[in-house]
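> Below you'll find the structure I mean.
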Amino acid sequence: MRPNEITMTREDAHYQPLIEAALNARQNAHAPYSRYAVGAAALTREGAIFAGCNVENASYGLSICAERNAIFQAVAAGARHIQMVLVVTEDGGSPCGACRQVIQEFADDPASLMVLMMNAQGEITARALSELLPYPFALER
Ligand code: THU
């Protein structure tokens with residue numbers, strides 16, 4: 001286990017609704033090219049959950065990750081404050097850099113926004129967004 005890493009299993013996680021939402025979305029992943037199905041669920045400040053899956057395209061570069069799909073579902077519904085993101089993959093992979101930046105956009109406090117990564121065995125690793133993306137891009141305004 002690396003420093004700052006929190007691990008738990010699906011059984012002792014308190015996040016069952018988030019897990020169920022991400023697992024359900026993963027069932028709908030459209031990943032015929034990579035065969036790497038991803039499900040994600042975002043928890044908002046108001047307690048709502050929005051889920052997404054990866055959606056690939058024959059023109060590969062048009063594909064969208066599950067995490068961005070989930071965040072965009074939240075935004076489309078009017079949510080602007082993301083408190084937690086769970087991503088489910090076969091191997092417990094962590095969100096890509098682009099998705100980290102998109103999560104950052106809607107994070108009130110990146111140090112307390114936890115990103116949970118769950119593998120097919122139900123093992124969960126959690127990291128703060130600020131650890132995953134220590135120097136996010138921001139526009140000077
Ligand atoms: N993918 C995600 O959905 N989330 C990630 O964090 C990394 C990668 C998708 C993109 C593509 O459909 C497949 O996984 C393989 O890269």
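Letters A, B, ... go to the chains of the structure tokens in the order shown; residues in each chain start at 1; ligands are counted from 1 in the same order.
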DSSP on the backbone: which residues in segment 15-95 of chain A end up as alpha helix (DSSP H)? Give the answer as a VMD selection string.
chain A and resid 16 to 27 66 to 76
> Compute the set of protein, DNA and RNA residues whose minimum atom distance to ligand 1 is at most 9 Å, using only C-alpha atoms and all ligand atoms, and state it as number ranges by chain.
A: 29-40, 52-57, 60, 63-69, 87-89, 93-100
> Leu18 of chain A: which residues within 10 Å, counting only C-alpha atoms, same-chain residues fewer than 6 positions away excluded, as a PDB file with N, CA, C and O atoms, in the first residue's frame?

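selection.pdb written:
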```pdb
ATOM      1  N   ASN A  24     -24.029  -0.819 -12.359  1.00  0.00           N
ATOM      2  CA  ASN A  24     -25.113  -0.850 -13.354  1.00  0.00           C
ATOM      3  C   ASN A  24     -24.702  -0.131 -14.632  1.00  0.00           C
ATOM      4  O   ASN A  24     -24.947  -0.614 -15.737  1.00  0.00           O
ATOM      5  N   ALA A  40     -18.801   4.482 -13.789  1.00  0.00           N
ATOM      6  CA  ALA A  40     -18.457   5.519 -12.810  1.00  0.00           C
ATOM      7  C   ALA A  40     -19.733   6.085 -12.219  1.00  0.00           C
ATOM      8  O   ALA A  40     -20.791   6.069 -12.858  1.00  0.00           O
ATOM      9  N   ALA A  41     -19.628   6.575 -10.987  1.00  0.00           N
ATOM     10  CA  ALA A  41     -20.758   7.245 -10.349  1.00  0.00           C
ATOM     11  C   ALA A  41     -20.227   8.426  -9.562  1.00  0.00           C
ATOM     12  O   ALA A  41     -19.186   8.335  -8.894  1.00  0.00           O
ATOM     13  N   ALA A  42     -20.950   9.536  -9.661  1.00  0.00           N
ATOM     14  CA  ALA A  42     -20.565  10.770  -8.969  1.00  0.00           C
ATOM     15  C   ALA A  42     -21.626  11.108  -7.938  1.00  0.00           C
ATOM     16  O   ALA A  42     -22.825  11.075  -8.237  1.00  0.00           O
ATOM     17  N   LEU A  43     -21.170  11.425  -6.737  1.00  0.00           N
ATOM     18  CA  LEU A  43     -22.067  11.837  -5.651  1.00  0.00           C
ATOM     19  C   LEU A  43     -22.014  13.355  -5.536  1.00  0.00           C
ATOM     20  O   LEU A  43     -20.929  13.945  -5.415  1.00  0.00           O
ATOM     21  N   ALA A  48     -27.313  13.470  -4.537  1.00  0.00           N
ATOM     22  CA  ALA A  48     -27.762  12.760  -5.738  1.00  0.00           C
ATOM     23  C   ALA A  48     -26.589  11.996  -6.354  1.00  0.00           C
ATOM     24  O   ALA A  48     -25.423  12.360  -6.169  1.00  0.00           O
ATOM     25  N   ILE A  49     -26.913  10.942  -7.074  1.00  0.00           N
ATOM     26  CA  ILE A  49     -25.895  10.111  -7.715  1.00  0.00           C
ATOM     27  C   ILE A  49     -26.152  10.102  -9.218  1.00  0.00           C
ATOM     28  O   ILE A  49     -27.288   9.877  -9.659  1.00  0.00           O
ATOM     29  N   PHE A  50     -25.087  10.344  -9.979  1.00  0.00           N
ATOM     30  CA  PHE A  50     -25.165  10.291 -11.432  1.00  0.00           C
ATOM     31  C   PHE A  50     -24.116   9.314 -11.919  1.00  0.00           C
ATOM     32  O   PHE A  50     -22.965   9.345 -11.457  1.00  0.00           O
ATOM     33  N   ALA A  51     -24.527   8.443 -12.855  1.00  0.00           N
ATOM     34  CA  ALA A  51     -23.625   7.386 -13.316  1.00  0.00           C
ATOM     35  C   ALA A  51     -23.308   7.542 -14.786  1.00  0.00           C
ATOM     36  O   ALA A  51     -24.042   8.205 -15.536  1.00  0.00           O
ATOM     37  N   MET A  84     -17.761  13.091  -4.420  1.00  0.00           N
ATOM     38  CA  MET A  84     -17.095  11.785  -4.470  1.00  0.00           C
ATOM     39  C   MET A  84     -17.315  11.168  -5.837  1.00  0.00           C
ATOM     40  O   MET A  84     -18.373  11.385  -6.453  1.00  0.00           O
ATOM     41  N   VAL A  85     -16.325  10.424  -6.307  1.00  0.00           N
ATOM     42  CA  VAL A  85     -16.460   9.711  -7.581  1.00  0.00           C
ATOM     43  C   VAL A  85     -15.973   8.280  -7.358  1.00  0.00           C
ATOM     44  O   VAL A  85     -14.912   8.068  -6.750  1.00  0.00           O
ATOM     45  N   LEU A  86     -16.756   7.326  -7.818  1.00  0.00           N
ATOM     46  CA  LEU A  86     -16.355   5.920  -7.767  1.00  0.00           C
ATOM     47  C   LEU A  86     -16.211   5.420  -9.193  1.00  0.00           C
ATOM     48  O   LEU A  86     -17.094   5.669 -10.028  1.00  0.00           O
ATOM     49  N   VAL A  87     -15.117   4.742  -9.472  1.00  0.00           N
ATOM     50  CA  VAL A  87     -14.918   4.172 -10.803  1.00  0.00           C
ATOM     51  C   VAL A  87     -14.668   2.674 -10.661  1.00  0.00           C
ATOM     52  O   VAL A  87     -13.920   2.242  -9.778  1.00  0.00           O
ATOM     53  N   LEU A 116     -12.781   6.922  -5.500  1.00  0.00           N
ATOM     54  CA  LEU A 116     -12.738   5.503  -5.132  1.00  0.00           C
ATOM     55  C   LEU A 116     -12.582   4.674  -6.391  1.00  0.00           C
ATOM     56  O   LEU A 116     -13.316   4.878  -7.366  1.00  0.00           O
TER      57      LEU A 116
END
```
> Neighbours of Ala138 of chain A within 10 Å (only C-alpha atoms; same-chain residues fewer than 5 positions away dropped), as a list in words?
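Using only C-alpha atoms, the neighbours found are Gln101, Gln104 and Glu105 of chain A.
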> Hey, what does DSSP flag as strand (DSSP E) within chain A? Can you give it to me as a ChimeraX atom specification?
/A:6-9,39-44,49-53,82-88,114-118,123-128
> Pick from A:Leu62, A:Ala70, A:Glu46, A:Pro134: nearest to Ala25 of chain A, with only C-alpha atoms counted?
A:Ala70
> Residues near segment 6-15 of chain A, anyone? I mean within 10 Å using only C-alpha atoms, not counting same-chain ones fewer than 6 positions away, as a JSON list (two decimals) with N, CA, C and O atoms, in the first residue's frame.

```json
[["chain", "number", "residue", "atom", "x", "y", "z"],
["A", 43, "LEU", "N", -21.17, 11.43, -6.74],
["A", 43, "LEU", "CA", -22.07, 11.84, -5.65],
["A", 43, "LEU", "C", -22.01, 13.36, -5.54],
["A", 43, "LEU", "O", -20.93, 13.94, -5.42],
["A", 84, "MET", "N", -17.76, 13.09, -4.42],
["A", 84, "MET", "CA", -17.09, 11.79, -4.47],
["A", 84, "MET", "C", -17.32, 11.17, -5.84],
["A", 84, "MET", "O", -18.37, 11.38, -6.45],
["A", 86, "LEU", "N", -16.76, 7.33, -7.82],
["A", 86, "LEU", "CA", -16.36, 5.92, -7.77],
["A", 86, "LEU", "C", -16.21, 5.42, -9.19],
["A", 86, "LEU", "O", -17.09, 5.67, -10.03],
["A", 116, "LEU", "N", -12.78, 6.92, -5.50],
["A", 116, "LEU", "CA", -12.74, 5.50, -5.13],
["A", 116, "LEU", "C", -12.58, 4.67, -6.39],
["A", 116, "LEU", "O", -13.32, 4.88, -7.37],
["A", 117, "MET", "N", -11.64, 3.74, -6.35],
["A", 117, "MET", "CA", -11.37, 2.89, -7.51],
["A", 117, "MET", "C", -11.61, 1.45, -7.12],
["A", 117, "MET", "O", -10.94, 0.94, -6.22],
["A", 118, "MET", "N", -12.57, 0.81, -7.76],
["A", 118, "MET", "CA", -12.94, -0.56, -7.39],
["A", 118, "MET", "C", -12.64, -1.53, -8.51],
["A", 118, "MET", "O", -12.89, -1.22, -9.68],
["A", 119, "ASN", "N", -12.09, -2.70, -8.15],
["A", 119, "ASN", "CA", -11.82, -3.72, -9.17],
["A", 119, "ASN", "C", -12.93, -4.79, -9.17],
["A", 119, "ASN", "O", -13.90, -4.69, -8.41],
["A", 120, "ALA", "N", -12.78, -5.76, -10.05],
["A", 120, "ALA", "CA", -13.82, -6.78, -10.23],
["A", 120, "ALA", "C", -14.00, -7.64, -8.99],
["A", 120, "ALA", "O", -15.04, -8.28, -8.82],
["A", 121, "GLN", "N", -13.00, -7.65, -8.12],
["A", 121, "GLN", "CA", -13.10, -8.42, -6.86],
["A", 121, "GLN", "C", -13.80, -7.62, -5.76],
["A", 121, "GLN", "O", -13.97, -8.10, -4.65],
["A", 122, "GLY", "N", -14.14, -6.35, -6.06],
["A", 122, "GLY", "CA", -14.80, -5.51, -5.06],
["A", 122, "GLY", "C", -13.82, -4.83, -4.13],
["A", 122, "GLY", "O", -14.23, -4.25, -3.12],
["A", 123, "GLU", "N", -12.53, -4.88, -4.44],
["A", 123, "GLU", "CA", -11.53, -4.18, -3.62],
["A", 123, "GLU", "C", -11.47, -2.72, -4.04],
["A", 123, "GLU", "O", -11.44, -2.41, -5.25],
["A", 124, "ILE", "N", -11.47, -1.84, -3.04],
["A", 124, "ILE", "CA", -11.55, -0.41, -3.32],
["A", 124, "ILE", "C", -10.32, 0.30, -2.78],
["A", 124, "ILE", "O", -9.90, 0.07, -1.64],
["A", 125, "THR", "N", -9.75, 1.15, -3.61],
["A", 125, "THR", "CA", -8.68, 2.05, -3.20],
["A", 125, "THR", "C", -9.22, 3.47, -3.29],
["A", 125, "THR", "O", -9.93, 3.79, -4.24],
["A", 126, "ALA", "N", -8.91, 4.30, -2.30],
["A", 126, "ALA", "CA", -9.41, 5.67, -2.31],
["A", 126, "ALA", "C", -8.25, 6.65, -2.24],
["A", 126, "ALA", "O", -7.30, 6.46, -1.47],
["A", 127, "ARG", "N", -8.33, 7.69, -3.04],
["A", 127, "ARG", "CA", -7.33, 8.77, -3.03],
["A", 127, "ARG", "C", -8.06, 10.11, -3.14],
["A", 127, "ARG", "O", -9.07, 10.21, -3.84],
["A", 128, "ALA", "N", -7.52, 11.11, -2.52],
["A", 128, "ALA", "CA", -8.08, 12.45, -2.69],
["A", 128, "ALA", "C", -7.78, 12.95, -4.10],
["A", 128, "ALA", "O", -6.71, 12.66, -4.66]]
```
> With only C-alpha atoms as the basis for distance, which of A:Asn4, A:Tyr135, A:Gln27, A:Phe106 is at the shortest distance from Phe72 of chain A?
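Checking each of A:Asn4, A:Tyr135, A:Gln27, A:Phe106 against Phe72 of chain A, counting only C-alpha atoms, the winner is A:Phe106.
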> Would you please work out which residue, of A:Thr44, A:Pro17, A:Pro110, A:Ala58, is nearest to Arg80 of chain A when using only C-alpha atoms?
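Under the stated criterion, the closest residue is A:Thr44.
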